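Here is the structure we will look at.
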Amino acid sequence: MSPVLVVDGVPGQASPLRLEGLRFVIGKELDCEVTLPGWRVSRRHAEVFVSNDRVFVRDLASAFGTLINERKIDGMAEVDEQDQLRVGGHLLTVRLQRSPVAATETAAPADTLQRVAGVSSAGIAEPAPATDANADADDALYRYRRALHGRLLDAFDVRRVDTHRMGDAELRELTERMIRELIAQMSADLPPQVDRVRLLEEVRDEAIGLGPLEPLLADASVTEVMVNRHDEVFVERAGRLQRWPVNFTSDRAVQGVIERIVAPIGRRIDESSPMVDARLKDGSRVNAVIPPLALKGPSITIRKFSRRKLGSSDLLKFGSASPAMIEFLRVCVEQRKNMLISGGTGSGKTTLLNILSNFIPDGERIVTIEDAAELQLHHANLVSMEARPANIEGKGAVSIRDLVRNSLRMRPDRVVVGECRGGEALDMLQAMNTGHDGSLTTAHANSPRDMLARLEVMVLMAGMDLPVTAIREQVASALDIIVQQTRFACGTRKITSIVEVTGVESGRIQLQEVFAFQQSGVDHQGKTRGHFTGRGFVPEFYEQLQRIGVPLDLDIFFAGMPAEEVARLRRP
């Protein structure tokens with residue numbers, strides 16, 4: 001059965017409130033699972049969740065904080081059944097309730113595994129039996145989960161089970177059956193506080209799924225998952241990094257998860273190739289590193305993407321751009337201006353690229369090129385290509401450069417490169433210069449001016465001995481717009497600058513800023529404060545479009561500016 005969280009002290013509830021699932025939100029909003037009145041209760045005040053059979057509470061940046069036993073928590077804290085949780089003027093108690101499951105529910109003939117695998121239970125190390133009746137249930141669960149996982153892998157090896165040829169349902173059924181057999185062998189030593197069903201589920205998920213990461217990937221509020229080692233997991237939520245109270249049983253378990261991620265897409269990871277970029281079925285990006293490069297043990301970084309199609313309204317909702325900026329970017333995409341999105345790691349470049357792609361008119365043919373596929377374009381005439389690493393013999397690699405050159409033979413209206421990192425920048429610029437207007441790409445840089453310097457270096461990485469002046473002429477004629485995306489220390493992501501590339505003068509590429517974000521400080525919650533503003537500059541192509549009768553709003557370039565400054569700039 002599903003776990004039940006029991007909440008005492010909810011106003012208007014004569015009996016304790018029972019909530020099924022592993023997570024609920026407390027707050028003033030009606031869509032919160034636990035709704036509380038009072039001016040000291042925030043709209044979404046706190047979140048209660050279960051991890052490793054322990055209950056935790058996390059404050060959701062509420063104005064008056066969340067207290068446990070009258071002590072204000074900092075971020076997240078564990079809650080025991082005896083603790084009092086204060087939210088505004090309300091005192092609550094929370095406890096986790098599970099239906100006890102008899103050992104017979106998971107029982108199987110105790111000698112089954114020994115008979116088939118030829119291994120006796122006496123020959124396999126098990127955790128010491130729990131002799132203390134008050135032993136911590138969570139610690140006991142973890143000990144037996146770790147032992148079970150190791151024994152399960154050994155059993156697969158002894159039986160020489162070829163899991164690669166099995167379907168998901170068949171593999172799941174076999175794994176659950178083997179775990180039941182192992183639990184039956186250990187049933188005499190399992191302490192009563194260890195939930196057999198929970199033990200089976202966690203061992204199964206770690207053996208054939210993503211283990212402790214499964215609930216994190218299902219949580220829409222988690223945007224990034226970072227496994228530094230088997231017992232050290234961090235997540236990013238609302239732009240903030242925090243340690244998460246989950247762990248794998250061993251480095252071997254983490255390595256197994258990595259292999260299950262990379263195998264379906266034809267990637268490999270081993271000592272000869274200890275780094276890999278991959279993706280999950282939902283398109284989330286995965287990077288994994290194993291020893292000897294990863295000194296603390298196998299490491300996984302998962303960049304999640306929204307399952308919902310994001311649009312320009314989301315940029316407004318999260319304060320990432322102004323209406324004037326969005327209108328300008330819409331016109332740029334529709335009028336086939338070549339655009340480059342610049343920014344640091346995790347600044348939201350790919351997300352912005354996905355949103356801008358929504359402005360591409362229907363009926364155009366788009367070719368996307370990526371190192372690890374993560375773009376989520378929604379167009380009928382779309383071809384998506386992904387680079388391929390070399391095989392174990394060092395052959396068969398297909399680079400982004402190869403794909404960009406090949407894309408020009410595919411009759412594209414637009415070429416979209418997920419990220420330029422090296423010599424492919426030259427091919428991308430040539431594509432932009434040879435009739436494929438409206439192309440989009442991203443690259444890493446801290447400012448638009450830095451982006452130009454990086455482009456010069458990337459073009460030189462193509463191995464062609466080109467003079468700098470020729471490279472700058474190529475960049476200036478190919479690129480129309482550079483959009484700078486920034487992730488601030490508080491975790492918020494904003495478009496901080498939009499510039500037009502106006503040409504080359506005296507050997508230097510000229511930029512003209514069209515929009516900017518001006519930071520004015522931070523608020524009491526540490527969030528970045530500021531405002532978006534136009535620069536009073538009308539791009540050259542806007543003036544050309546206006547001359548041929550395209551209806552355009554020139555007032556957007558003065559949005560956010562002081563009235564006297566607008567009057568001065570518009571004075572004849």
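Ordering of the structure tokens sets the chain letters (A, B, ...), residue numbers begin anew at 1 in every chain, and ligands are numbered from 1 in the order given.
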Any chance you could list, as a ChimeraX atom specification, the residues in segment 240-437 of chain A that come up strand (DSSP E) when DSSP is run on the backbone? /A:240-244,275-279,285-289,299-303,339-343,366-370,382-386,414-417
Can you pull out the residues contacting Gly344 of chain A? Cut-off 6 Å, using only C-alpha atoms, and skip same-chain residues under 3 positions away; I want them as a VMD selection string. chain A and resid 347 444 to 445
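Candidate residues A:Gly418, A:Gly507, A:Pro274, A:Gly9 were compared for distance to Asn287 of chain A, and the nearest is A:Pro274, using only C-alpha atoms.
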Segment 316-327 of chain A surroundings by only C-alpha atoms, 6 Å radius, close-in-sequence under 4 positions cut, as a list in words: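 That gives Arg493, Lys494, Ile495 and Ile556 of chain A.
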Shell of 6 Å around segment 527-537 of chain A, only C-alpha atoms, local chain residues under 5 positions omitted, as a ChimeraX atom specification: /A:490,514-522,557-561
Would you mind exporting N, CA and C atoms of the selected residues as a PDB file, in the first residue's frame?
```pdb
ATOM      1  N   CYS A 490      21.453  34.200  -6.460  1.00  0.00           N
ATOM      2  CA  CYS A 490      20.231  33.766  -5.773  1.00  0.00           C
ATOM      3  C   CYS A 490      19.524  32.636  -6.519  1.00  0.00           C
ATOM      4  N   VAL A 514      20.509  46.891 -27.210  1.00  0.00           N
ATOM      5  CA  VAL A 514      19.116  47.231 -27.480  1.00  0.00           C
ATOM      6  C   VAL A 514      18.293  47.188 -26.195  1.00  0.00           C
ATOM      7  N   PHE A 515      18.516  46.154 -25.381  1.00  0.00           N
ATOM      8  CA  PHE A 515      17.827  46.007 -24.090  1.00  0.00           C
ATOM      9  C   PHE A 515      18.841  45.565 -23.038  1.00  0.00           C
ATOM     10  N   ALA A 516      18.504  45.853 -21.766  1.00  0.00           N
ATOM     11  CA  ALA A 516      19.387  45.449 -20.675  1.00  0.00           C
ATOM     12  C   ALA A 516      18.587  45.242 -19.401  1.00  0.00           C
ATOM     13  N   PHE A 517      19.162  44.474 -18.485  1.00  0.00           N
ATOM     14  CA  PHE A 517      18.618  44.356 -17.133  1.00  0.00           C
ATOM     15  C   PHE A 517      19.553  45.109 -16.199  1.00  0.00           C
ATOM     16  N   GLN A 518      19.010  46.054 -15.459  1.00  0.00           N
ATOM     17  CA  GLN A 518      19.813  46.857 -14.541  1.00  0.00           C
ATOM     18  C   GLN A 518      19.520  46.413 -13.108  1.00  0.00           C
ATOM     19  N   GLN A 519      20.528  45.814 -12.474  1.00  0.00           N
ATOM     20  CA  GLN A 519      20.365  45.321 -11.111  1.00  0.00           C
ATOM     21  C   GLN A 519      20.481  46.473 -10.121  1.00  0.00           C
ATOM     22  N   SER A 520      19.571  46.482  -9.135  1.00  0.00           N
ATOM     23  CA  SER A 520      19.569  47.565  -8.147  1.00  0.00           C
ATOM     24  C   SER A 520      19.855  47.071  -6.734  1.00  0.00           C
ATOM     25  N   GLY A 521      20.027  45.745  -6.564  1.00  0.00           N
ATOM     26  CA  GLY A 521      20.312  45.206  -5.244  1.00  0.00           C
ATOM     27  C   GLY A 521      19.647  43.862  -5.044  1.00  0.00           C
ATOM     28  N   VAL A 522      19.430  43.497  -3.767  1.00  0.00           N
ATOM     29  CA  VAL A 522      18.755  42.250  -3.417  1.00  0.00           C
ATOM     30  C   VAL A 522      17.675  42.542  -2.386  1.00  0.00           C
ATOM     31  N   PHE A 557      11.534  50.033 -27.575  1.00  0.00           N
ATOM     32  CA  PHE A 557      12.950  50.328 -27.344  1.00  0.00           C
ATOM     33  C   PHE A 557      13.154  51.423 -26.303  1.00  0.00           C
ATOM     34  N   PHE A 558      12.071  52.024 -25.841  1.00  0.00           N
ATOM     35  CA  PHE A 558      12.159  53.066 -24.815  1.00  0.00           C
ATOM     36  C   PHE A 558      11.488  52.628 -23.512  1.00  0.00           C
ATOM     37  N   ALA A 559      11.009  51.356 -23.492  1.00  0.00           N
ATOM     38  CA  ALA A 559      10.322  50.850 -22.305  1.00  0.00           C
ATOM     39  C   ALA A 559      11.294  50.781 -21.128  1.00  0.00           C
ATOM     40  N   GLY A 560      10.837  51.265 -19.984  1.00  0.00           N
ATOM     41  CA  GLY A 560      11.657  51.212 -18.777  1.00  0.00           C
ATOM     42  C   GLY A 560      12.612  52.373 -18.617  1.00  0.00           C
ATOM     43  N   MET A 561      12.677  53.270 -19.593  1.00  0.00           N
ATOM     44  CA  MET A 561      13.596  54.406 -19.520  1.00  0.00           C
ATOM     45  C   MET A 561      12.916  55.596 -18.838  1.00  0.00           C
TER      46      MET A 561
END
```
Please determine, counting only C-alpha atoms, which residue among A:Glu456, A:Thr368, A:Arg414, A:Asp59 has the shortest atom-to-atom distance to Leu426 of chain A.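 The shortest atom-to-atom distance to Leu426 of chain A comes from A:Glu456.
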How far is it from atom CA of Val416 of chain A to atom CA of Ile366 of chain A, in Å with one decimal?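 Straight-line distance from atom CA of Val416 of chain A to atom CA of Ile366 of chain A works out to 7.3 Å.
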Residues of segment 284-388 of chain A in alpha helix (DSSP H), written as a PyMOL selection string: chain A and resi 312-317+323-334+349-357
Just to confirm, what's the straight-line distance from atom CA of Leu92 of chain A to atom CA of Gly65 of chain A in Å (one decimal)? 14.5 Å
Go through segment 245-330 of chain A residue by residue and, counting only C-alpha atoms, keep those with an atom at most 8 Å from segment 355-360 of chain A; for each kept residue give the shortest atom pair and its distance in Å to one decimal, ordered by chain and increasing number, as CSV.
```
residue,atom,partner,partner_atom,distance
A:Leu310,CA,A:Ile355,CA,6.1
A:Gly311,CA,A:Ile355,CA,5.3
A:Ser312,CA,A:Ile355,CA,6.3
A:Leu329,CA,A:Leu356,CA,7.4
A:Arg330,CA,A:Phe359,CA,5.9
```
Can you work out the spacing between atom CA of Pro245 of chain A and atom CA of Pro191 of chain A in Å, to one decimal?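 Separation between atom CA of Pro245 of chain A and atom CA of Pro191 of chain A: 22.8 Å.
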Neighbours of Ile73 of chain A within 12 Å (only C-alpha atoms; same-chain residues fewer than 6 positions away dropped), as a list of chain:residue names?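 So, after excluding close chain neighbours, the residues are A:Ala46, A:Phe56, A:Val57, A:Arg58, A:Asp59, A:Leu60, A:Ala61, A:Ser62, A:Phe64, A:Gly65, A:Thr66, A:Leu67, A:Val79, A:Leu85, A:Arg86, A:Val87.
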Could you write those residues out with C-alpha atoms, as an mmCIF file, in the first residue's frame?
```
data_model
loop_
_atom_site.group_PDB
_atom_site.id
_atom_site.type_symbol
_atom_site.label_atom_id
_atom_site.label_comp_id
_atom_site.auth_asym_id
_atom_site.auth_seq_id
_atom_site.Cartn_x
_atom_site.Cartn_y
_atom_site.Cartn_z
ATOM 1 C CA ALA A 46 6.331 24.763 3.805
ATOM 2 C CA PHE A 56 11.387 16.094 6.487
ATOM 3 C CA VAL A 57 10.032 19.629 6.344
ATOM 4 C CA ARG A 58 11.364 22.331 4.028
ATOM 5 C CA ASP A 59 10.542 26.004 4.398
ATOM 6 C CA LEU A 60 9.432 27.534 1.076
ATOM 7 C CA ALA A 61 10.946 30.990 1.707
ATOM 8 C CA SER A 62 8.000 31.949 3.907
ATOM 9 C CA PHE A 64 7.700 34.233 9.073
ATOM 10 C CA GLY A 65 9.567 30.967 8.784
ATOM 11 C CA THR A 66 8.777 27.407 9.841
ATOM 12 C CA LEU A 67 9.583 26.217 13.355
ATOM 13 C CA VAL A 79 10.574 15.859 11.834
ATOM 14 C CA LEU A 85 5.679 21.879 13.689
ATOM 15 C CA ARG A 86 4.689 25.560 13.886
ATOM 16 C CA VAL A 87 3.329 27.262 10.756
#
```
So, counting only C-alpha atoms, which residue among A:Ser342, A:Asp154, A:Ser250, A:Ile265 is closest to Pro298 of chain A?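 That would be A:Ser250, the residue with the smallest distance to Pro298 of chain A.
Proximity of A:Val262, A:Ala238, A:Val538, A:Met178 to Thr223 of chain A, computed with only C-alpha atoms, is greatest for A:Ala238.
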Write out as CSV a residue-level contact list of segment 264-367 of chain A versus segment 472-487 of chain A with cut-off 8 Å: for each qualifying residue the closest pair of atoms and the distance in Å to one decimal, counting only C-alpha atoms, rows sorted by chain and residue number upward.
```
residue,atom,partner,partner_atom,distance
A:Lys337,CA,A:Asp480,CA,5.9
A:Asn338,CA,A:Asp480,CA,5.3
A:Met339,CA,A:Ile481,CA,4.8
A:Leu340,CA,A:Ile482,CA,4.9
A:Ile341,CA,A:Val483,CA,4.8
A:Ser342,CA,A:Gln484,CA,4.8
A:Gly343,CA,A:Gln485,CA,4.8
A:Gly344,CA,A:Thr486,CA,6.7
A:Gly346,CA,A:Arg487,CA,7.1
A:Ser347,CA,A:Arg487,CA,4.6
A:Gly348,CA,A:Gln485,CA,6.8
A:Lys349,CA,A:Gln485,CA,6.4
```
